[in-house]
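Structure data follow from query28.txt (compact mmCIF, C-alpha atoms and all ligand atoms):
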# COMPACT_ATOMS: atom_id res chain seq x y z
CA MET A 113 30.89 4.61 2.52
CA LYS A 114 30.36 5.16 6.25
CA ILE A 115 27.13 6.82 7.30
CA LEU A 116 26.30 7.87 10.84
CA VAL A 117 22.57 8.04 11.59
CA ILE A 118 21.60 10.33 14.43
CA ASN A 119 18.26 10.75 16.17
CA THR A 120 18.52 13.60 18.65
CA GLY A 121 15.91 14.11 21.36
CA SER A 122 15.72 16.85 23.97
CA SER A 123 17.80 14.77 26.40
CA SER A 124 19.02 11.89 24.27
CA ILE A 125 21.05 10.97 21.19
CA LYS A 126 20.53 7.65 19.42
CA TYR A 127 23.17 6.73 16.86
CA GLN A 128 24.12 4.01 14.43
CA LEU A 129 27.19 3.85 12.22
CA PHE A 130 26.60 1.95 8.96
CA LEU A 131 28.99 0.63 6.37
CA MET A 132 27.10 1.17 3.12
CA PRO A 133 26.02 -0.10 0.68
CA ASP A 134 26.54 -3.38 2.55
CA LYS A 135 24.07 -2.28 5.28
CA ILE A 136 26.52 -3.44 7.97
CA VAL A 137 26.08 -1.86 11.39
CA LEU A 138 29.54 -1.09 12.77
CA ALA A 139 28.35 0.45 16.03
CA ASN A 140 25.23 1.72 17.66
CA GLY A 141 24.13 3.19 20.91
CA VAL A 142 22.01 5.55 22.85
CA LEU A 143 22.94 8.36 25.18
CA GLU A 144 20.15 9.19 27.63
CA LYS A 145 19.49 11.70 30.39
CA ILE A 146 21.69 14.46 28.98
CA GLY A 147 21.85 17.27 31.55
CA GLU A 148 20.88 15.05 34.48
CA ALA A 149 23.22 14.13 37.35
CA THR A 150 23.95 10.73 35.85
CA SER A 151 23.69 10.34 32.11
CA ARG A 152 24.00 6.90 30.57
CA ILE A 153 25.49 5.69 27.29
CA LYS A 154 24.81 2.20 26.03
CA HIS A 155 27.36 1.62 23.28
CA GLU A 156 27.77 -1.49 21.17
CA VAL A 157 30.31 -2.30 18.48
CA PHE A 158 30.06 -5.21 16.08
CA LYS A 159 33.28 -5.06 14.07
CA PRO A 160 35.95 -6.42 14.34
CA GLN A 161 34.41 -8.09 17.38
CA SER A 162 31.26 -7.53 19.44
CA LEU A 163 31.55 -5.41 22.55
CA LYS A 164 28.85 -3.89 24.76
CA GLN A 165 29.50 -1.05 27.17
CA VAL A 166 27.36 0.94 29.57
CA ILE A 167 28.93 4.16 30.78
CA GLU A 168 27.37 6.32 33.47
CA GLU A 169 28.69 9.85 33.91
CA HIS A 170 27.41 13.40 33.93
CA ILE A 171 27.00 14.74 30.41
CA PRO A 172 25.87 18.35 30.67
CA ASP A 173 24.83 19.04 27.08
CA HIS A 174 24.47 17.64 23.57
CA LYS A 175 27.88 18.92 22.47
CA THR A 176 29.63 17.01 25.25
CA GLY A 177 27.37 14.06 24.44
CA LEU A 178 28.38 13.92 20.79
CA GLN A 179 32.04 14.39 21.79
CA THR A 180 31.70 11.32 24.05
CA ILE A 181 30.12 9.34 21.22
CA VAL A 182 32.92 10.42 18.84
CA ASP A 183 35.50 9.33 21.46
CA LEU A 184 33.86 5.90 21.66
CA LEU A 185 33.68 5.52 17.87
CA THR A 186 37.37 6.46 17.52
CA HIS A 187 38.63 4.72 20.68
CA PRO A 188 42.18 3.36 20.09
CA ASP A 189 41.31 -0.15 21.39
CA HIS A 190 37.69 -0.78 20.48
CA GLY A 191 36.83 2.06 18.12
CA VAL A 192 35.35 1.32 14.70
CA ILE A 193 36.94 4.28 12.90
CA GLU A 194 40.33 5.93 13.34
CA ASP A 195 39.17 9.44 12.63
CA VAL A 196 35.92 11.38 12.20
CA SER A 197 36.94 12.17 8.63
CA GLU A 198 36.10 8.54 7.76
CA VAL A 199 32.41 9.35 8.20
CA ASP A 200 31.18 10.35 4.74
CA ALA A 201 27.73 11.51 5.73
CA VAL A 202 25.51 12.04 8.74
CA GLY A 203 21.81 11.25 8.31
CA HIS A 204 19.56 13.06 10.79
CA ARG A 205 16.05 12.07 11.71
CA VAL A 206 14.01 15.26 11.63
CA VAL A 207 10.47 14.96 12.88
CA HIS A 208 8.71 17.85 11.15
CA GLY A 209 9.45 19.12 7.67
CA GLY A 210 6.06 20.83 7.33
CA GLU A 211 5.17 21.49 3.71
CA ASP A 212 8.75 22.48 2.89
CA PHE A 213 10.21 19.01 2.48
CA GLN A 214 8.86 16.19 0.33
CA ALA A 215 12.10 14.17 0.38
CA PRO A 216 15.39 13.76 2.23
CA THR A 217 17.44 16.92 1.82
CA LEU A 218 21.09 17.90 1.96
CA ILE A 219 21.41 20.33 4.84
CA ASN A 220 22.70 23.86 4.28
CA ASP A 221 21.91 27.09 6.14
CA ASP A 222 18.67 27.65 4.21
CA VAL A 223 17.47 24.13 4.99
CA LEU A 224 18.33 24.58 8.64
CA ASP A 225 16.35 27.84 8.67
CA ALA A 226 13.35 26.06 7.14
CA ILE A 227 13.53 23.32 9.79
CA LYS A 228 13.64 26.06 12.43
CA ARG A 229 10.59 27.72 10.87
CA ASN A 230 8.72 24.43 11.28
CA SER A 231 9.59 24.15 14.99
CA PRO A 232 6.24 25.54 16.21
CA LEU A 233 4.62 22.46 14.60
CA ALA A 234 6.84 20.09 16.63
CA PRO A 235 8.08 22.08 19.62
CA LEU A 236 9.29 18.99 21.49
CA HIS A 237 11.17 17.49 18.55
CA ASN A 238 12.47 19.94 15.95
CA PRO A 239 14.55 22.09 18.35
CA ALA A 240 16.32 18.93 19.55
CA ASN A 241 16.82 17.73 15.95
CA ILE A 242 18.28 21.14 15.07
CA MET A 243 20.66 20.91 18.02
CA GLY A 244 21.77 17.50 16.74
CA ILE A 245 22.44 18.91 13.27
CA GLU A 246 24.34 21.94 14.55
CA THR A 247 26.48 19.78 16.84
CA ALA A 248 27.17 17.17 14.15
CA ARG A 249 28.30 19.94 11.80
CA LEU A 250 30.93 20.92 14.39
CA PHE A 251 32.34 17.40 14.78
CA PHE A 252 31.93 15.98 11.27
CA LYS A 253 33.08 19.03 9.32
CA GLU A 254 33.82 17.19 6.09
CA ALA A 255 30.75 14.97 6.08
CA HIS A 256 27.55 15.66 4.15
CA GLN A 257 24.67 16.32 6.52
CA VAL A 258 21.29 15.02 5.41
CA ALA A 259 17.85 15.55 6.95
CA VAL A 260 15.32 12.71 6.64
CA PHE A 261 11.84 13.85 7.64
CA ASP A 262 9.14 11.82 9.41
CA THR A 263 6.56 13.85 7.56
CA ALA A 264 8.00 13.69 4.01
CA PHE A 265 6.42 10.39 2.89
CA HIS A 266 2.96 11.77 3.68
CA GLN A 267 3.32 14.87 1.52
CA THR A 268 1.47 13.02 -1.27
CA ILE A 269 -1.76 13.01 0.79
CA PRO A 270 -4.38 15.03 -1.14
CA ALA A 271 -6.01 18.16 0.28
CA LYS A 272 -9.35 16.41 0.91
CA ALA A 273 -7.53 14.15 3.38
CA PHE A 274 -4.94 16.52 4.84
CA LEU A 275 -7.23 19.47 5.52
CA TYR A 276 -9.29 19.77 8.67
CA ALA A 277 -12.76 21.26 8.24
CA LEU A 278 -11.74 24.46 10.00
CA PRO A 279 -11.77 28.05 8.71
CA HIS A 280 -9.52 27.87 5.67
CA ASP A 281 -7.40 30.78 6.81
CA LEU A 282 -6.03 28.63 9.64
CA TYR A 283 -4.42 26.47 6.98
CA LYS A 284 -3.34 29.39 4.81
CA SER A 285 -1.87 31.47 7.63
CA HIS A 286 -0.89 28.93 10.26
CA LYS A 287 -0.37 25.72 8.29
CA ILE A 288 -2.86 23.83 10.42
CA ARG A 289 -3.35 20.55 8.55
CA ARG A 290 -2.59 16.83 8.77
CA TYR A 291 1.10 16.07 8.22
CA GLY A 292 1.38 12.50 9.46
CA PHE A 293 4.44 10.92 11.11
CA HIS A 294 6.38 7.63 11.18
CA GLY A 295 6.81 8.29 7.43
CA THR A 296 10.26 6.70 7.35
CA SER A 297 8.84 3.49 8.81
CA HIS A 298 5.71 3.37 6.60
CA HIS A 299 7.86 4.03 3.53
CA TYR A 300 10.48 1.44 4.51
CA VAL A 301 8.03 -1.40 5.14
CA SER A 302 6.07 -0.61 1.97
CA GLU A 303 9.30 -0.82 -0.07
CA GLN A 304 10.20 -4.06 1.67
CA ALA A 305 6.74 -5.41 0.80
CA ALA A 306 7.27 -4.53 -2.86
CA LEU A 307 10.63 -6.31 -2.90
CA TYR A 308 9.16 -9.32 -1.12
CA LEU A 309 6.12 -9.53 -3.40
CA LYS A 310 8.32 -8.90 -6.45
CA ARG A 311 6.03 -6.15 -7.65
CA PRO A 312 6.73 -2.43 -8.20
CA LEU A 313 5.66 -0.35 -5.21
CA SER A 314 3.78 1.92 -7.62
CA ALA A 315 1.46 -1.02 -8.40
CA LEU A 316 0.62 -1.79 -4.77
CA ASN A 317 -2.25 -0.77 -2.51
CA LEU A 318 -1.30 -1.28 1.12
CA ILE A 319 -2.33 -0.49 4.65
CA THR A 320 0.76 -0.19 6.86
CA ILE A 321 0.19 -0.50 10.60
CA HIS A 322 3.02 0.78 12.80
CA LEU A 323 2.34 -0.27 16.39
CA GLY A 324 5.04 0.77 18.84
CA ASN A 325 4.87 3.09 21.82
CA GLY A 326 3.44 5.52 19.33
CA GLY A 327 1.16 4.06 16.68
CA SER A 328 -0.04 5.09 13.27
CA ILE A 329 -1.68 3.55 10.24
CA THR A 330 -1.29 4.64 6.62
CA ALA A 331 -3.28 4.08 3.45
CA ILE A 332 -0.91 3.62 0.52
CA LYS A 333 -2.37 3.65 -2.98
CA GLY A 334 -0.13 3.04 -5.97
CA GLY A 335 2.86 3.24 -3.61
CA GLN A 336 1.98 6.69 -2.28
CA SER A 337 0.61 7.72 1.09
CA ILE A 338 -2.95 8.95 0.56
CA ASP A 339 -4.03 9.16 4.20
CA THR A 340 -2.59 8.54 7.63
CA SER A 341 -3.91 8.50 11.16
CA MET A 342 -1.54 10.95 12.85
CA GLY A 343 -2.39 14.55 12.18
CA MET A 344 -0.88 17.96 12.67
CA THR A 345 0.87 16.39 15.66
CA PRO A 346 1.51 12.75 16.60
CA LEU A 347 -1.45 12.84 19.00
CA GLU A 348 -4.24 12.03 16.56
CA GLY A 349 -5.35 8.58 15.46
CA LEU A 350 -4.82 5.25 17.15
CA VAL A 351 -4.88 4.54 20.88
CA MET A 352 -1.18 4.67 21.83
CA GLY A 353 0.96 3.93 24.88
CA THR A 354 0.26 7.24 26.60
CA ARG A 355 -1.54 9.24 23.87
CA SER A 356 -5.29 9.29 23.47
CA GLY A 357 -5.45 9.30 19.70
CA ASP A 358 -8.83 10.45 18.32
CA ILE A 359 -11.17 12.14 20.76
CA ASP A 360 -14.05 14.57 20.43
CA PRO A 361 -12.28 17.93 19.90
CA ALA A 362 -14.69 19.51 22.41
CA ILE A 363 -13.19 17.49 25.28
CA PRO A 364 -10.20 19.85 25.88
CA TYR A 365 -12.67 22.75 26.13
CA PHE A 366 -14.76 20.75 28.63
CA LEU A 367 -11.69 19.87 30.70
CA CYS A 368 -10.66 23.51 30.91
CA LYS A 369 -14.10 24.96 31.52
CA ASN A 370 -15.63 22.38 33.86
CA ILE A 371 -12.69 20.69 35.56
CA GLY A 372 -10.42 23.73 35.68
CA LEU A 373 -7.40 22.23 33.95
CA SER A 374 -4.97 24.64 32.32
CA ILE A 375 -4.28 24.23 28.62
CA GLU A 376 -0.80 22.85 29.50
CA GLU A 377 -2.40 20.29 31.81
CA VAL A 378 -4.77 19.22 29.06
CA ASP A 379 -1.84 18.86 26.65
CA SER A 380 0.06 16.74 29.16
CA LEU A 381 -3.06 14.67 29.97
CA LEU A 382 -3.66 13.82 26.31
CA ASN A 383 -0.02 13.10 25.48
CA THR A 384 1.35 11.44 28.60
CA LYS A 385 -1.52 10.19 30.77
CA SER A 386 -3.96 8.81 28.22
CA GLY A 387 -3.99 5.92 25.77
CA LEU A 388 -3.31 2.49 27.25
CA LYS A 389 -1.86 4.13 30.36
CA GLY A 390 -4.98 6.15 30.93
CA ILE A 391 -7.23 3.13 30.61
CA CYS A 392 -5.28 0.55 32.62
CA ASP A 393 -2.38 2.37 34.30
CA ASN A 394 0.21 0.66 32.15
CA ASN A 395 1.62 1.52 28.75
CA ASP A 396 3.77 -1.53 28.07
CA MET A 397 1.82 -3.95 25.90
CA ARG A 398 3.72 -6.97 27.25
CA ASP A 399 2.60 -6.12 30.80
CA ILE A 400 -0.95 -5.39 29.68
CA LEU A 401 -1.24 -8.73 27.90
CA ALA A 402 0.10 -10.49 31.00
CA LEU A 403 -2.36 -8.61 33.22
CA ARG A 404 -5.26 -9.60 30.99
CA GLU A 405 -4.12 -13.20 31.20
CA LYS A 406 -4.49 -12.92 34.99
CA GLY A 407 -8.04 -11.64 34.60
CA ASP A 408 -7.44 -7.88 34.91
CA GLN A 409 -10.59 -6.25 33.48
CA ARG A 410 -9.00 -2.86 32.75
CA ALA A 411 -6.20 -4.52 30.80
CA LYS A 412 -8.85 -6.44 28.85
CA LEU A 413 -10.73 -3.24 28.09
CA ALA A 414 -7.55 -1.40 27.07
CA ILE A 415 -6.68 -4.13 24.56
CA GLU A 416 -10.24 -4.19 23.22
CA MET A 417 -10.19 -0.42 22.69
CA TYR A 418 -6.70 -0.55 21.18
CA CYS A 419 -7.64 -3.20 18.61
CA TYR A 420 -11.07 -1.75 17.88
CA ARG A 421 -9.54 1.60 16.87
CA ILE A 422 -7.05 -0.09 14.53
CA LYS A 423 -9.85 -2.13 13.01
CA LYS A 424 -11.95 0.98 12.36
CA TYR A 425 -9.04 2.56 10.50
CA ILE A 426 -8.48 -0.57 8.43
CA GLY A 427 -12.15 -0.42 7.44
CA ALA A 428 -11.93 3.27 6.56
CA TYR A 429 -8.71 2.93 4.60
CA SER A 430 -9.85 -0.15 2.71
CA ALA A 431 -12.84 1.94 1.61
CA VAL A 432 -10.64 4.72 0.20
CA ILE A 433 -7.97 2.49 -1.30
CA GLY A 434 -10.23 0.15 -3.26
CA ARG A 435 -8.33 -3.06 -4.06
CA LEU A 436 -6.24 -4.02 -1.04
CA ASP A 437 -3.10 -6.05 -1.81
CA ALA A 438 -1.68 -6.34 1.70
CA ILE A 439 -1.83 -5.10 5.23
CA ILE A 440 1.51 -4.84 7.02
CA PHE A 441 2.17 -5.11 10.73
CA THR A 442 5.34 -3.50 12.04
CA ALA A 443 7.14 -2.03 15.13
CA GLY A 444 7.32 -3.42 18.69
CA ILE A 445 3.71 -4.54 19.11
CA GLY A 446 2.95 -5.17 15.43
CA GLU A 447 6.00 -7.40 15.02
CA ASN A 448 5.85 -9.22 18.33
CA SER A 449 2.29 -9.62 19.51
CA ARG A 450 0.30 -12.40 17.86
CA GLU A 451 -2.58 -11.60 20.26
CA ILE A 452 -2.94 -8.05 18.94
CA ARG A 453 -2.60 -9.15 15.30
CA GLU A 454 -5.28 -11.77 15.87
CA GLU A 455 -7.73 -9.38 17.51
CA VAL A 456 -7.20 -6.73 14.85
CA CYS A 457 -7.73 -9.17 11.98
CA CYS A 458 -10.70 -11.10 13.34
CA GLU A 459 -13.98 -10.70 11.44
CA LEU A 460 -12.39 -8.83 8.53
CA GLU A 461 -12.99 -11.69 6.09
CA HIS A 462 -15.41 -9.54 4.08
CA ILE A 463 -12.48 -7.36 2.97
CA GLY A 464 -10.27 -10.37 2.26
CA ILE A 465 -8.29 -10.26 5.53
CA ARG A 466 -8.01 -13.81 6.88
CA LEU A 467 -5.23 -14.40 9.38
CA ASP A 468 -3.73 -17.87 9.85
CA SER A 469 -3.28 -18.02 13.65
CA GLU A 470 -0.76 -20.84 13.37
CA LYS A 471 1.49 -18.85 11.00
CA SER A 472 1.09 -15.76 13.19
CA ARG A 473 2.22 -17.77 16.21
CA GLN A 474 5.51 -18.89 14.67
CA ARG A 475 8.55 -16.88 15.72
CA GLY A 476 11.43 -16.05 13.45
CA MET A 477 13.40 -13.32 11.81
CA GLY A 478 12.54 -11.39 8.67
CA ILE A 479 9.38 -10.94 6.66
CA LYS A 480 6.53 -13.40 7.23
CA GLU A 481 3.24 -14.02 5.44
CA LEU A 482 0.41 -14.58 7.89
CA GLN A 483 -2.73 -14.98 5.78
CA VAL A 484 -4.45 -18.32 5.27
CA ASP A 485 -3.67 -20.06 2.01
CA GLY A 486 -5.77 -18.68 -0.82
CA ALA A 487 -6.72 -15.40 0.91
CA CYS A 488 -6.82 -12.50 -1.54
CA THR A 489 -5.22 -9.96 0.82
CA LYS A 490 -1.75 -10.66 2.11
CA ILE A 491 -1.04 -10.10 5.79
CA LEU A 492 2.65 -9.33 6.15
CA LEU A 493 4.81 -8.98 9.22
CA ILE A 494 7.72 -6.74 8.22
CA PRO A 495 10.31 -5.62 10.79
CA THR A 496 10.81 -1.88 10.49
CA ASN A 497 14.26 -0.32 10.43
CA GLU A 498 14.05 3.45 10.42
CA GLU A 499 17.80 3.88 10.96
CA LEU A 500 18.64 1.76 7.94
CA LYS A 501 16.09 3.67 5.86
CA ILE A 502 17.74 6.95 6.91
CA ALA A 503 21.15 5.51 5.98
CA LEU A 504 19.80 4.37 2.59
CA GLU A 505 18.18 7.74 1.87
CA THR A 506 21.40 9.50 2.90
CA MET A 507 23.48 7.25 0.65
CA THR A 508 21.15 7.85 -2.29
CA LEU A 509 21.38 11.59 -1.83
CA VAL A 510 25.14 11.89 -1.42
CA GLY A 511 26.21 8.71 -3.22
P1 LIG A 601 8.58 0.27 19.87
O1 LIG A 601 8.16 1.69 20.16
O2 LIG A 601 8.48 -0.08 18.41
O3 LIG A 601 9.91 -0.10 20.46
O4 LIG A 601 7.50 -0.69 20.61
C1 LIG A 601 7.33 -0.68 22.00
C2 LIG A 601 6.11 -1.47 22.37
O5 LIG A 601 6.25 -2.81 21.86
C3 LIG A 601 5.88 -1.60 23.87
O6 LIG A 601 4.50 -1.38 24.17
C4 LIG A 601 6.23 -3.05 24.13
O7 LIG A 601 5.49 -3.58 25.21
C5 LIG A 601 5.79 -3.70 22.84
N1 LIG A 601 6.34 -5.04 22.69
C6 LIG A 601 7.63 -5.40 22.51
N2 LIG A 601 7.73 -6.75 22.48
C7 LIG A 601 6.47 -7.26 22.65
C8 LIG A 601 5.91 -8.56 22.71
N3 LIG A 601 6.67 -9.65 22.60
N4 LIG A 601 4.57 -8.67 22.86
C9 LIG A 601 3.79 -7.58 22.98
N5 LIG A 601 4.26 -6.32 22.93
C10 LIG A 601 5.59 -6.16 22.76
Please go through the file and, once you have read it, give me the structure as structure tokens.
Ligand code: AMP
Amino acid sequence: MKILVINTGSSSIKYQLFLMPDKIVLANGVLEKIGEATSRIKHEVFKPQSLKQVIEEHIPDHKTGLQTIVDLLTHPDHGVIEDVSEVDAVGHRVVHGGEDFQAPTLINDDVLDAIKRNSPLAPLHNPANIMGIETARLFFKEAHQVAVFDTAFHQTIPAKAFLYALPHDLYKSHKIRRYGFHGTSHHYVSEQAALYLKRPLSALNLITIHLGNGGSITAIKGGQSIDTSMGMTPLEGLVMGTRSGDIDPAIPYFLCKNIGLSIEEVDSLLNTKSGLKGICDNNDMRDILALREKGDQRAKLAIEMYCYRIKKYIGAYSAVIGRLDAIIFTAGIGENSREIREEVCCELEHIGIRLDSEKSRQRGMGIKELQVDGACTKILLIPTNEELKIALETMTLVG
């Protein structure tokens, strides 16, 4: 079965074509800067032989973009399929499913309407995801279309954790509540942990720590998400690349009233000018670590704040979970930075977290155990793979 996974942004389309159930990636790529003077496609094929291409041309809209991707996938010389009809299903990443979707869902007109109804909750993401679905339906007419939601895994969070202490009518009438994001990643790494530990996921209590450009942390009890750091939007929680994470909710009011910022400026400040970038003018953790090495005090402070926030959440979540079987580091920073793992884990011995720095230092592929011998809580490094998880969910649904 061939499954195309698509992640559509407002000016980009990321794609990966899988041969399932073998989990073989036949091709992948990303089209960026749709609508700009020069758009760019990075396209890679792996079967029958590897080939990398970068194409720069003007791509005015998503429809032309997907047409270009289809042309590459079916190219007579280096295509990986002969015809679009070979694609059995298209799995779409959809950011916000609100309270309507607890699981991946086969897309029909009603489902599409429900995703549209949830757009006010993710105005930057859902409209782009919808565009991706509508365009894919035009090109892959015979394929099943499946929506896999970032929010779905967190729909098990109980009311005491998903509600904000605001007038209840705001939840009833406007659905203001915690939804959580990165669900596909948290779910994937927790399943991988269960396979690795040879225990049913339903028997595991985990804290999954996704540290990429965006970051979030999830408390998983008996295999289910019971709390997560991102909230109604992906702004809440950890210090991120450019997002502030948790702040006093009175700060936006202060910024408007006393500094004269508009509400749009506050939104942009919190989402794009804060976090690591706000503290040290850089949002790439590799650069920040290198700057700290050279003695840069702001970089040092940014890393301290970044790790301190994660640590606070680990403390909070270990309190609500009870027995803690494992913490899991994943995504760009979680998988690659031993420095960050070390600073997050230090002085957490009292809750059983004891990192072995030597193990954490070793490079290599796949899942790694990083705790010292005999520690009661496992520390796992598990590479995330959201695209594969979407392909697996899609296969399960249509298979
Ligand atoms: P992601 O969003 O998962 O692609 O993660 C992006 C983040 O991972 C960026 O902040 C990168 O600087 C960071 N990252 C990638 N590789 C490393 C590394 N070797 N050490 C530290 N941070 C890294």
Cut-off 9 Å, only C-alpha atoms and all ligand atoms, neighbours of ligand LIG 601 (chain A) as a list of chain:residue names: A:His322, A:Leu323, A:Gly324, A:Asn325, A:Gly326, A:Gly327, A:Met352, A:Gly353, A:Asn395, A:Asp396, A:Met397, A:Arg398, A:Asp399, A:Ile400, A:Leu401, A:Thr442, A:Ala443, A:Gly444, A:Ile445, A:Gly446, A:Glu447, A:Asn448, A:Ser449, A:Arg450, A:Glu451, A:Ile452, A:Thr496
Between atom CA of A:Val260 and atom CA of A:Thr330, what is the spacing in Å?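 Atom CA of A:Val260 lies 18.5 Å from atom CA of A:Thr330.
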Neighbours of A:Val166 within 9 Å (all atoms listed in the file; same-chain residues fewer than 6 positions away dropped), as a ChimeraX atom specification? /A:152-156
note - atom CA of A:Val484 and atom CA of A:Arg435 are separated by 18.3 Å
Interatomic distance, atom CA of A:Leu509 to atom CA of A:Phe213 (Å, one decimal):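 For atom CA of A:Leu509 relative to atom CA of A:Phe213, the distance reads 14.1 Å.
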For A:Tyr308: contacts at 12 Å, only C-alpha atoms, fewer than 6 positions along chain excluded, given as a ChimeraX atom specification: /A:301-302,316,438,478-481,490,492-494
At a cut-off of 9 Å, using all atoms listed in the file, what residues contact stretch 181-184 of chain A? Leave out same-chain residues fewer than 6 positions from it and give the result as a compact mmCIF listing (two decimals) with C-alpha atoms, in the frame of the given file.
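That gives us around-v8.txt:
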# COMPACT_ATOMS: atom_id res chain seq x y z
CA TYR A 127 23.17 6.73 16.86
CA GLY A 141 24.13 3.19 20.91
CA LEU A 143 22.94 8.36 25.18
CA ILE A 153 25.49 5.69 27.29
CA HIS A 155 27.36 1.62 23.28
CA HIS A 190 37.69 -0.78 20.48
CA GLY A 191 36.83 2.06 18.12
CA VAL A 192 35.35 1.32 14.70
CA ASP A 195 39.17 9.44 12.63
CA VAL A 196 35.92 11.38 12.20
CA PHE A 251 32.34 17.40 14.78
Output as CSV one row per residue of stretch 228-321 of chain A within 10 Å of stretch 407-428 of chain A: the closest atom pair and its distance in Å to one decimal place, counting all atoms listed in the file, sorted by chain and residue number ascending.
residue,atom,partner,partner_atom,distance
A:Ile319,CA,A:Ile426,CA,7.2
A:Thr320,CA,A:Ile426,CA,9.4
A:Ile321,CA,A:Ile422,CA,8.2
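For the set A:Ala331, A:Leu367, A:Leu403, A:Leu116, the residue with the smallest atom-to-atom gap to A:Asn317 is A:Ala331, counting all atoms listed in the file.
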Which is closer to A:Thr247 than all the others in A:Pro312, A:Gly177, A:Pro346, A:Pro216, using all atoms listed in the file?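 Residue with the minimum atom-to-atom distance to A:Thr247: A:Gly177.
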What lies within 12 Å of A:Asp379 using only C-alpha atoms, ignoring chain neighbours under 4 positions off, as number ranges by chain? A: 345, 347, 354-356, 363-365, 367-368, 373-375, 383-386
List as number ranges by chain the protein and nucleic acid residues near stretch 500-508 of chain A, meaning an atom at most 10 Å away when all atoms listed in the file are counted, but skip any in the same chain fewer than 5 places from it. A: 113-118, 128-133, 135-137, 200-205, 215-218, 256-261, 296-297, 299-301
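Nearest to A:Arg311 of all the residues A:Ile359, A:Gly335, A:Tyr291, A:Ile193 is A:Gly335, counting all atoms listed in the file.
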Calculated over all atoms listed in the file, which of the candidates A:Pro239, A:Gly511, A:Gly372, A:Gly357 has the smallest distance to A:Leu388?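 Looking only at the distances to A:Leu388, the closest residue turns out to be A:Gly357.
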Measuring atom to atom with all atoms listed in the file, identify which of A:Ser337, A:Gln214, A:Ser328, A:Asn220 is nearest to A:Ser314. A:Ser337
Of the residues A:Asp225, A:Arg290, A:His298, A:Glu377, which is the one nearest to A:Glu348, using all atoms listed in the file?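 For A:Glu348, the nearest of the candidates is A:Arg290.
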